[in-house]
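Enquirer: Handing you a structure now.
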Amino acid sequence: MRIRSWRLRRTLLAVGVAAAVVVPLSGAARPEIPAPAPAALGRVTAATLPDAYAANRANATEAASRAEGYGATERAAALRSMASPGRRFLAFDARGTGRTAEVFGDLAGADRVAVLVPGSDTSLDSYGRLRSGALALHAELGPRTAVVAWLGYETPGTVSPAVLTTGRADDAAPALRSFVGDLHGINAHARVSLLCHSYGSVVCGSAASGPRGLDVADIAFYGSPGTGVDDAAELTTRARIWAGRGAGDWIADVPHTSADVFGTTVGFGTDPVSAGFGARVFAAGDGGHSDYLKPGSVPLGNLARIVRGDDTEVTHA
């Protein structure tokens, strides 16, 4: 039975690779929308946060102008919104698919900071989904908290070869570790938690697996295809490890394993919500893959409790 199950998983992974290789070729030659280089900020501190926010809004304004001149009207509209007064970006780069780190709340004065690490198909053009989740989480968390929507890497497409390997995650891991360090530099007393959705789980797993470790209080994986490790004990961190999956999430049907297919290792290892992984499993309700941060939902409430450190109030699956 085990052999049959393993062969089935290998077959599914092989089919996934083949489909991923074939499907995206038609869009591979999409031209890049012109945009300026990121603003030169230097080391950002609590005192210079307002200047950093202003510089990044100015950069977004310039990016919107260039996109408009290029004829990319939808991108230009999105960038103009990002340049609006009151938007606060700790990092901003409109080149390519985009890199951003938007802050909700008082980052310098917060006692609790949550960093949202998104999964596949997240870019400047689809950024509204990530922002909506960050707003919902911040509202749920309450006072003296901050949320950062960290789009700090080039996310893979849902149907692409990259989404089946740790390549993008391994490339993103140093940036995530560096960003966490920057947060501690801005606010040394804040308790920082990583909330990692879908392929973002692989990014967080890679960041927490290196020799430098990851200095955060909690890491929560949700809607996860795996983390790149087979056991939570393999993560080089003192953080408490959490995992949750909604009953309606299609990710449950993805083989949580890894295999060598055509000379490439695909898949991400043990299912984080399985007993064998060793995470604290929280209740995630009946929702689907994109429902974890919906206002009023079970997973949103539990993720907020994790960030606040209210462990005894977290409901378990």
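In the structure tokens, chains take the letters A, B, ... in the order shown, each chain's residues start at 1, and ligands count up from 1 in the order shown.
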Residues near range 184-186 of chain A, anyone? I mean within 7 Å using only C-alpha atoms, not counting same-chain ones fewer than 4 positions away, as a compact mmCIF listing (two decimals) with N, CA, C and O atoms, in the first residue's frame.
Expert:
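So selection.txt came out as:
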```txt
# COMPACT_ATOMS: atom_id res chain seq x y z
N VAL A 44 16.75 52.63 7.96
CA VAL A 44 15.54 53.27 8.48
C VAL A 44 15.44 53.03 9.98
O VAL A 44 15.61 51.90 10.46
N THR A 45 15.18 54.08 10.73
CA THR A 45 14.99 54.00 12.17
C THR A 45 13.60 54.52 12.52
O THR A 45 12.88 55.02 11.65
N ALA A 46 13.24 54.42 13.78
CA ALA A 46 11.94 54.93 14.21
C ALA A 46 11.81 56.42 13.88
O ALA A 46 10.75 56.90 13.47
N ALA A 108 6.61 51.89 14.92
CA ALA A 108 7.60 52.24 15.94
C ALA A 108 7.08 52.07 17.36
O ALA A 108 7.85 51.79 18.28
N VAL A 180 13.26 41.10 8.79
CA VAL A 180 12.97 40.91 10.22
C VAL A 180 13.99 41.65 11.07
O VAL A 180 13.66 42.29 12.08
```
Enquirer: Taking 6 positions as the minimum chain separation for residues in the same chain, which residues sit within 9 Å of Ile306 in chain A when counting only C-alpha atoms? Answer as a list in words.
Expert: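 Here the answer would be Ser193, Asp218, Ala220, Trp242, Glu313 and Val314 of chain A.
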Enquirer: Find, counting only C-alpha atoms, the residue in A:Pro225, A:Pro299, A:Gly269, A:Pro161 that gets nearest to Gly244 in chain A.
Expert: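 The shortest atom-to-atom distance to Gly244 in chain A comes from A:Pro299.
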Enquirer: Of the candidates A:Gly71, A:Pro143, A:Gly42, A:Pro118, which one gets nearest to Phe104 in chain A if we count only C-alpha atoms?
Expert: A:Pro143
Enquirer: So which residues touch Phe92 in chain A within 10 Å, counting only C-alpha atoms, skipping near sequence neighbours fewer than 6 positions away, as a VMD selection string?
Expert: chain A and resid 37 to 39 52 to 53 55 to 57 59 to 60 82 98 to 102 151 to 152
Enquirer: For His289 in chain A, which of A:Ser120, A:Thr166, A:Gly309, A:Leu141 is the closest residue, counting only C-alpha atoms?
Expert: A:Ser120
Enquirer: Could you please determine the separation between CA of Ser132 in chain A and CA of Arg75 in chain A in Å, to one decimal place?
Expert: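 CA of Ser132 in chain A sits 17.9 Å away from CA of Arg75 in chain A.
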Enquirer: Counting only C-alpha atoms, what is within 10 Å of Ser206 in chain A, bar same-chain residues fewer than 2 positions away, as a PDB file with all heavy atoms, in the first residue's frame?
Expert:
```pdb
ATOM      1  N   THR A 166      11.566  24.765  -4.331  1.00  0.00           N
ATOM      2  CA  THR A 166      11.909  25.764  -3.314  1.00  0.00           C
ATOM      3  C   THR A 166      12.759  26.899  -3.875  1.00  0.00           C
ATOM      4  O   THR A 166      13.194  27.774  -3.119  1.00  0.00           O
ATOM      5  CB  THR A 166      12.680  25.116  -2.149  1.00  0.00           C
ATOM      6  OG1 THR A 166      13.923  24.587  -2.638  1.00  0.00           O
ATOM      7  CG2 THR A 166      11.867  24.003  -1.489  1.00  0.00           C
ATOM      8  N   GLY A 167      12.991  26.924  -5.173  1.00  0.00           N
ATOM      9  CA  GLY A 167      13.892  27.904  -5.759  1.00  0.00           C
ATOM     10  C   GLY A 167      13.566  29.348  -5.401  1.00  0.00           C
ATOM     11  O   GLY A 167      14.424  30.096  -4.897  1.00  0.00           O
ATOM     12  N   ARG A 168      12.333  29.772  -5.657  1.00  0.00           N
ATOM     13  CA  ARG A 168      11.955  31.157  -5.347  1.00  0.00           C
ATOM     14  C   ARG A 168      12.028  31.415  -3.846  1.00  0.00           C
ATOM     15  O   ARG A 168      12.398  32.508  -3.400  1.00  0.00           O
ATOM     16  CB  ARG A 168      10.538  31.439  -5.853  1.00  0.00           C
ATOM     17  CG  ARG A 168      10.373  31.401  -7.364  1.00  0.00           C
ATOM     18  CD  ARG A 168      10.875  32.669  -8.025  1.00  0.00           C
ATOM     19  NE  ARG A 168      10.780  32.586  -9.469  1.00  0.00           N
ATOM     20  CZ  ARG A 168       9.711  32.947 -10.184  1.00  0.00           C
ATOM     21  NH1 ARG A 168       8.645  33.429  -9.559  1.00  0.00           N
ATOM     22  NH2 ARG A 168       9.714  32.838 -11.500  1.00  0.00           N
ATOM     23  N   ALA A 169      11.652  30.424  -3.061  1.00  0.00           N
ATOM     24  CA  ALA A 169      11.688  30.571  -1.602  1.00  0.00           C
ATOM     25  C   ALA A 169      13.117  30.717  -1.100  1.00  0.00           C
ATOM     26  O   ALA A 169      13.401  31.550  -0.228  1.00  0.00           O
ATOM     27  CB  ALA A 169      11.009  29.377  -0.943  1.00  0.00           C
ATOM     28  N   ASP A 170      14.016  29.913  -1.630  1.00  0.00           N
ATOM     29  CA  ASP A 170      15.416  29.998  -1.214  1.00  0.00           C
ATOM     30  C   ASP A 170      16.007  31.353  -1.586  1.00  0.00           C
ATOM     31  O   ASP A 170      16.818  31.918  -0.841  1.00  0.00           O
ATOM     32  CB  ASP A 170      16.227  28.873  -1.849  1.00  0.00           C
ATOM     33  CG  ASP A 170      15.823  27.493  -1.340  1.00  0.00           C
ATOM     34  OD1 ASP A 170      15.215  27.423  -0.252  1.00  0.00           O
ATOM     35  OD2 ASP A 170      16.102  26.500  -2.038  1.00  0.00           O
ATOM     36  N   ASP A 171      15.601  31.880  -2.745  1.00  0.00           N
ATOM     37  CA  ASP A 171      16.073  33.208  -3.148  1.00  0.00           C
ATOM     38  C   ASP A 171      15.514  34.294  -2.235  1.00  0.00           C
ATOM     39  O   ASP A 171      16.176  35.301  -1.961  1.00  0.00           O
ATOM     40  CB  ASP A 171      15.644  33.504  -4.594  1.00  0.00           C
ATOM     41  CG  ASP A 171      16.404  32.659  -5.616  1.00  0.00           C
ATOM     42  OD1 ASP A 171      17.450  32.084  -5.253  1.00  0.00           O
ATOM     43  OD2 ASP A 171      15.932  32.575  -6.769  1.00  0.00           O
ATOM     44  N   ALA A 172      14.279  34.099  -1.754  1.00  0.00           N
ATOM     45  CA  ALA A 172      13.609  35.106  -0.931  1.00  0.00           C
ATOM     46  C   ALA A 172      14.047  35.074   0.523  1.00  0.00           C
ATOM     47  O   ALA A 172      13.935  36.079   1.231  1.00  0.00           O
ATOM     48  CB  ALA A 172      12.093  34.901  -1.002  1.00  0.00           C
ATOM     49  N   ALA A 173      14.539  33.929   0.992  1.00  0.00           N
ATOM     50  CA  ALA A 173      14.840  33.754   2.415  1.00  0.00           C
ATOM     51  C   ALA A 173      15.789  34.800   2.990  1.00  0.00           C
ATOM     52  O   ALA A 173      15.525  35.358   4.064  1.00  0.00           O
ATOM     53  CB  ALA A 173      15.368  32.345   2.664  1.00  0.00           C
ATOM     54  N   PRO A 174      16.908  35.115   2.328  1.00  0.00           N
ATOM     55  CA  PRO A 174      17.793  36.142   2.892  1.00  0.00           C
ATOM     56  C   PRO A 174      17.107  37.494   3.036  1.00  0.00           C
ATOM     57  O   PRO A 174      17.339  38.216   4.012  1.00  0.00           O
ATOM     58  CB  PRO A 174      18.953  36.206   1.887  1.00  0.00           C
ATOM     59  CG  PRO A 174      18.945  34.877   1.211  1.00  0.00           C
ATOM     60  CD  PRO A 174      17.495  34.497   1.124  1.00  0.00           C
ATOM     61  N   LEU A 176      13.920  38.023   3.581  1.00  0.00           N
ATOM     62  CA  LEU A 176      12.997  37.972   4.708  1.00  0.00           C
ATOM     63  C   LEU A 176      13.756  38.057   6.028  1.00  0.00           C
ATOM     64  O   LEU A 176      13.345  38.772   6.953  1.00  0.00           O
ATOM     65  CB  LEU A 176      12.147  36.706   4.654  1.00  0.00           C
ATOM     66  CG  LEU A 176      11.113  36.542   5.776  1.00  0.00           C
ATOM     67  CD1 LEU A 176      10.172  37.736   5.850  1.00  0.00           C
ATOM     68  CD2 LEU A 176      10.326  35.247   5.588  1.00  0.00           C
ATOM     69  N   ARG A 177      14.860  37.339   6.141  1.00  0.00           N
ATOM     70  CA  ARG A 177      15.667  37.424   7.360  1.00  0.00           C
ATOM     71  C   ARG A 177      16.166  38.848   7.588  1.00  0.00           C
ATOM     72  O   ARG A 177      16.127  39.364   8.715  1.00  0.00           O
ATOM     73  CB  ARG A 177      16.845  36.450   7.280  1.00  0.00           C
ATOM     74  CG  ARG A 177      16.490  34.996   7.524  1.00  0.00           C
ATOM     75  CD  ARG A 177      17.718  34.158   7.764  1.00  0.00           C
ATOM     76  NE  ARG A 177      18.533  34.052   6.563  1.00  0.00           N
ATOM     77  CZ  ARG A 177      18.475  33.043   5.704  1.00  0.00           C
ATOM     78  NH1 ARG A 177      17.624  32.048   5.900  1.00  0.00           N
ATOM     79  NH2 ARG A 177      19.261  33.018   4.639  1.00  0.00           N
ATOM     80  N   GLY A 200       4.063  31.077   0.534  1.00  0.00           N
ATOM     81  CA  GLY A 200       4.759  31.852   1.554  1.00  0.00           C
ATOM     82  C   GLY A 200       5.250  30.979   2.696  1.00  0.00           C
ATOM     83  O   GLY A 200       6.223  31.321   3.383  1.00  0.00           O
ATOM     84  N   SER A 201       4.603  29.833   2.923  1.00  0.00           N
ATOM     85  CA  SER A 201       5.074  28.875   3.922  1.00  0.00           C
ATOM     86  C   SER A 201       6.452  28.337   3.563  1.00  0.00           C
ATOM     87  O   SER A 201       7.290  28.087   4.442  1.00  0.00           O
ATOM     88  CB  SER A 201       4.104  27.688   4.036  1.00  0.00           C
ATOM     89  OG  SER A 201       2.842  28.087   4.466  1.00  0.00           O
ATOM     90  N   VAL A 202       6.676  28.140   2.280  1.00  0.00           N
ATOM     91  CA  VAL A 202       7.968  27.645   1.823  1.00  0.00           C
ATOM     92  C   VAL A 202       9.038  28.718   2.031  1.00  0.00           C
ATOM     93  O   VAL A 202      10.170  28.424   2.423  1.00  0.00           O
ATOM     94  CB  VAL A 202       7.901  27.212   0.347  1.00  0.00           C
ATOM     95  CG1 VAL A 202       9.166  26.450  -0.042  1.00  0.00           C
ATOM     96  CG2 VAL A 202       6.675  26.346   0.075  1.00  0.00           C
ATOM     97  N   VAL A 203       8.665  29.969   1.784  1.00  0.00           N
ATOM     98  CA  VAL A 203       9.587  31.082   2.012  1.00  0.00           C
ATOM     99  C   VAL A 203       9.972  31.161   3.485  1.00  0.00           C
ATOM    100  O   VAL A 203      11.158  31.259   3.838  1.00  0.00           O
ATOM    101  CB  VAL A 203       8.956  32.409   1.552  1.00  0.00           C
ATOM    102  CG1 VAL A 203       9.860  33.593   1.901  1.00  0.00           C
ATOM    103  CG2 VAL A 203       8.672  32.388   0.055  1.00  0.00           C
ATOM    104  N   CYS A 204       8.972  31.116   4.363  1.00  0.00           N
ATOM    105  CA  CYS A 204       9.254  31.186   5.802  1.00  0.00           C
ATOM    106  C   CYS A 204      10.047  29.976   6.271  1.00  0.00           C
ATOM    107  O   CYS A 204      10.943  30.093   7.116  1.00  0.00           O
ATOM    108  CB  CYS A 204       7.946  31.282   6.586  1.00  0.00           C
ATOM    109  SG  CYS A 204       7.082  32.858   6.348  1.00  0.00           S
ATOM    110  N   ALA A 208      13.760  30.194   7.941  1.00  0.00           N
ATOM    111  CA  ALA A 208      13.969  29.682   9.302  1.00  0.00           C
ATOM    112  C   ALA A 208      14.858  28.451   9.339  1.00  0.00           C
ATOM    113  O   ALA A 208      15.113  27.912  10.413  1.00  0.00           O
ATOM    114  CB  ALA A 208      12.620  29.349   9.943  1.00  0.00           C
ATOM    115  N   SER A 209      15.357  28.008   8.193  1.00  0.00           N
ATOM    116  CA  SER A 209      16.156  26.784   8.137  1.00  0.00           C
ATOM    117  C   SER A 209      17.646  27.051   8.052  1.00  0.00           C
ATOM    118  O   SER A 209      18.440  26.142   8.221  1.00  0.00           O
ATOM    119  CB  SER A 209      15.743  25.938   6.924  1.00  0.00           C
ATOM    120  OG  SER A 209      14.403  25.533   7.031  1.00  0.00           O
ATOM    121  N   GLY A 210      18.022  28.276   7.752  1.00  0.00           N
ATOM    122  CA  GLY A 210      19.434  28.585   7.576  1.00  0.00           C
ATOM    123  C   GLY A 210      20.189  28.626   8.887  1.00  0.00           C
ATOM    124  O   GLY A 210      19.595  28.631   9.977  1.00  0.00           O
ATOM    125  N   GLY A 213      19.216  31.313  11.433  1.00  0.00           N
ATOM    126  CA  GLY A 213      17.931  31.235  12.119  1.00  0.00           C
ATOM    127  C   GLY A 213      17.040  32.419  11.812  1.00  0.00           C
ATOM    128  O   GLY A 213      17.304  33.203  10.899  1.00  0.00           O
ATOM    129  N   LEU A 214      15.990  32.555  12.599  1.00  0.00           N
ATOM    130  CA  LEU A 214      15.013  33.612  12.380  1.00  0.00           C
ATOM    131  C   LEU A 214      14.494  34.078  13.738  1.00  0.00           C
ATOM    132  O   LEU A 214      13.908  33.301  14.482  1.00  0.00           O
ATOM    133  CB  LEU A 214      13.865  33.076  11.514  1.00  0.00           C
ATOM    134  CG  LEU A 214      12.982  34.081  10.783  1.00  0.00           C
ATOM    135  CD1 LEU A 214      13.812  35.018   9.913  1.00  0.00           C
ATOM    136  CD2 LEU A 214      11.968  33.359   9.924  1.00  0.00           C
ATOM    137  N   THR A 227       6.676  23.054   3.838  1.00  0.00           N
ATOM    138  CA  THR A 227       7.589  24.128   4.229  1.00  0.00           C
ATOM    139  C   THR A 227       9.013  23.930   3.731  1.00  0.00           C
ATOM    140  O   THR A 227       9.869  24.780   3.963  1.00  0.00           O
ATOM    141  CB  THR A 227       7.638  24.230   5.764  1.00  0.00           C
ATOM    142  OG1 THR A 227       8.200  23.025   6.287  1.00  0.00           O
ATOM    143  CG2 THR A 227       6.249  24.438   6.344  1.00  0.00           C
ATOM    144  N   GLY A 228       9.266  22.803   3.086  1.00  0.00           N
ATOM    145  CA  GLY A 228      10.618  22.482   2.663  1.00  0.00           C
ATOM    146  C   GLY A 228      11.375  21.644   3.675  1.00  0.00           C
ATOM    147  O   GLY A 228      12.490  21.205   3.410  1.00  0.00           O
ATOM    148  N   VAL A 229      10.780  21.427   4.847  1.00  0.00           N
ATOM    149  CA  VAL A 229      11.383  20.541   5.858  1.00  0.00           C
ATOM    150  C   VAL A 229      10.336  19.517   6.268  1.00  0.00           C
ATOM    151  O   VAL A 229       9.132  19.732   6.102  1.00  0.00           O
ATOM    152  CB  VAL A 229      11.875  21.323   7.098  1.00  0.00           C
ATOM    153  CG1 VAL A 229      12.946  22.340   6.704  1.00  0.00           C
ATOM    154  CG2 VAL A 229      10.733  22.008   7.829  1.00  0.00           C
ATOM    155  N   LEU A 235      13.636  23.508  11.896  1.00  0.00           N
ATOM    156  CA  LEU A 235      13.684  24.954  11.746  1.00  0.00           C
ATOM    157  C   LEU A 235      14.607  25.558  12.799  1.00  0.00           C
ATOM    158  O   LEU A 235      14.488  25.252  13.982  1.00  0.00           O
ATOM    159  CB  LEU A 235      12.272  25.537  11.849  1.00  0.00           C
ATOM    160  CG  LEU A 235      11.271  25.002  10.821  1.00  0.00           C
ATOM    161  CD1 LEU A 235       9.879  25.552  11.105  1.00  0.00           C
ATOM    162  CD2 LEU A 235      11.712  25.369   9.402  1.00  0.00           C
ATOM    163  N   THR A 236      15.507  26.433  12.340  1.00  0.00           N
ATOM    164  CA  THR A 236      16.498  27.031  13.238  1.00  0.00           C
ATOM    165  C   THR A 236      15.908  28.296  13.864  1.00  0.00           C
ATOM    166  O   THR A 236      16.237  29.419  13.485  1.00  0.00           O
ATOM    167  CB  THR A 236      17.789  27.378  12.460  1.00  0.00           C
ATOM    168  OG1 THR A 236      18.144  26.282  11.638  1.00  0.00           O
ATOM    169  CG2 THR A 236      18.920  27.702  13.419  1.00  0.00           C
TER     170      THR A 236
END
```
Enquirer: Mind the document's chain letters and residue numbers, and return as JSON, numbers by chain the residues of range 48-261 of chain A that DSSP labels strand (DSSP E or B).
Expert: {"A": [89, 90, 91, 92, 93, 99, 100, 101, 102, 103, 104, 105, 112, 113, 114, 115, 116, 117, 145, 146, 147, 148, 149, 150, 151, 191, 192, 193, 194, 195, 196, 197, 218, 219, 220, 221, 222, 240, 241, 242, 243, 244, 258, 259, 260, 261]}
Enquirer: Can I get the residues of range 75-137 of chain A within 6 Å of range 61-69 of chain A, each with the closest pair of atoms and their distance in Å to one decimal, using only C-alpha atoms, sorted chain first then ascending number, as CSV?
Expert:
```
residue,atom,partner,partner_atom,distance
A:Ala76,CA,A:Ala64,CA,4.4
A:Leu79,CA,A:Ala64,CA,5.1
A:Arg80,CA,A:Ala64,CA,5.7
A:Ala83,CA,A:Thr61,CA,5.5
```
Enquirer: Please dump the current selection as a PDB file, in the first residue's frame; keep C-alpha atoms.
Expert:
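Saved as part-v6.pdb:
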```pdb
ATOM      1  CA  ALA A  76      -0.707  53.273 -13.326  1.00  0.00           C
ATOM      2  CA  LEU A  79       0.443  52.887  -8.374  1.00  0.00           C
ATOM      3  CA  ARG A  80      -1.420  56.180  -7.982  1.00  0.00           C
ATOM      4  CA  ALA A  83       1.083  57.008  -3.712  1.00  0.00           C
TER       5      ALA A  83
END
```
Enquirer: Show which residues sit within 8 Å of Thr155 in chain A, as a ChimeraX atom specification. Count only C-alpha atoms, and ignore same-chain residues fewer than 2 positions away.
Expert: /A:119-123,153,157,168
Enquirer: Measure the distance from CA of Ile219 in chain A to CA of Asp125 in chain A in Å and round it to one decimal.
Expert: 27.0 Å
Enquirer: Pull the alpha helix (DSSP H) assignments for range 17-225 of chain A out of DSSP run on the backbone, and list those residues as a ChimeraX atom specification.
Expert: /A:17-22,49-70,73-82,127-141,167-186,200-207
Enquirer: Write out as an MDAnalysis selection string the residues lying within 10 Å of Val192 in chain A, counting only C-alpha atoms and excluding same-chain residues fewer than 5 positions away.
Expert: chainID A and resid 110:115 146:147 180 183:184 187 215:219 239 307:308
Enquirer: Using N, CA and C atoms, can you export the residues from the last selection as a compact mmCIF listing (two decimals), in the first residue's frame?
Expert:
```
# COMPACT_ATOMS: atom_id res chain seq x y z
N ALA A 110 4.44 49.92 18.27
CA ALA A 110 3.65 48.70 18.48
C ALA A 110 4.33 47.74 19.45
N ASP A 111 3.50 47.03 20.21
CA ASP A 111 3.99 45.95 21.06
C ASP A 111 4.02 44.62 20.31
N ARG A 112 3.16 44.49 19.31
CA ARG A 112 3.04 43.27 18.51
C ARG A 112 3.08 43.66 17.04
N VAL A 113 3.91 42.95 16.26
CA VAL A 113 4.01 43.20 14.82
C VAL A 113 3.82 41.88 14.09
N ALA A 114 2.89 41.85 13.14
CA ALA A 114 2.67 40.67 12.30
C ALA A 114 3.16 40.97 10.89
N VAL A 115 3.90 40.04 10.32
CA VAL A 115 4.37 40.16 8.95
C VAL A 115 3.66 39.11 8.11
N ALA A 146 0.85 46.39 14.87
CA ALA A 146 1.10 46.78 13.48
C ALA A 146 1.14 45.53 12.63
N VAL A 147 0.75 45.69 11.38
CA VAL A 147 0.81 44.60 10.41
C VAL A 147 1.61 45.10 9.22
N VAL A 180 13.26 41.10 8.79
CA VAL A 180 12.97 40.91 10.22
C VAL A 180 13.99 41.65 11.07
N LEU A 183 13.11 45.28 11.14
CA LEU A 183 12.00 45.56 12.04
C LEU A 183 12.50 45.67 13.48
N HIS A 184 13.38 44.78 13.88
CA HIS A 184 13.93 44.84 15.23
C HIS A 184 14.75 46.12 15.43
N ASN A 187 12.05 48.85 15.94
CA ASN A 187 11.31 48.69 17.19
C ASN A 187 11.84 47.46 17.91
N ASP A 215 14.73 35.34 14.05
CA ASP A 215 14.42 35.88 15.37
C ASP A 215 12.99 36.42 15.42
N VAL A 216 12.04 35.50 15.54
CA VAL A 216 10.64 35.87 15.67
C VAL A 216 10.00 35.03 16.78
N ALA A 217 8.85 35.50 17.27
CA ALA A 217 8.18 34.81 18.37
C ALA A 217 7.33 33.64 17.89
N ASP A 218 6.70 33.81 16.74
CA ASP A 218 5.79 32.80 16.21
C ASP A 218 5.91 32.74 14.70
N ILE A 219 5.76 31.54 14.16
CA ILE A 219 5.63 31.34 12.73
C ILE A 219 4.37 30.51 12.51
N ALA A 239 11.07 30.23 17.69
CA ALA A 239 9.66 30.58 17.53
C ALA A 239 8.75 29.38 17.77
N VAL A 307 -0.65 36.20 17.20
CA VAL A 307 0.18 37.41 17.15
C VAL A 307 0.20 38.11 18.50
N ARG A 308 -0.95 38.17 19.16
CA ARG A 308 -1.02 38.85 20.46
C ARG A 308 -0.38 38.04 21.58
```
Enquirer: How far is it from CA of Glu140 in chain A to CA of Gly105 in chain A, in Å with one decimal?
Expert: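 Pair CA of Glu140 in chain A / CA of Gly105 in chain A returns 12.1 Å.
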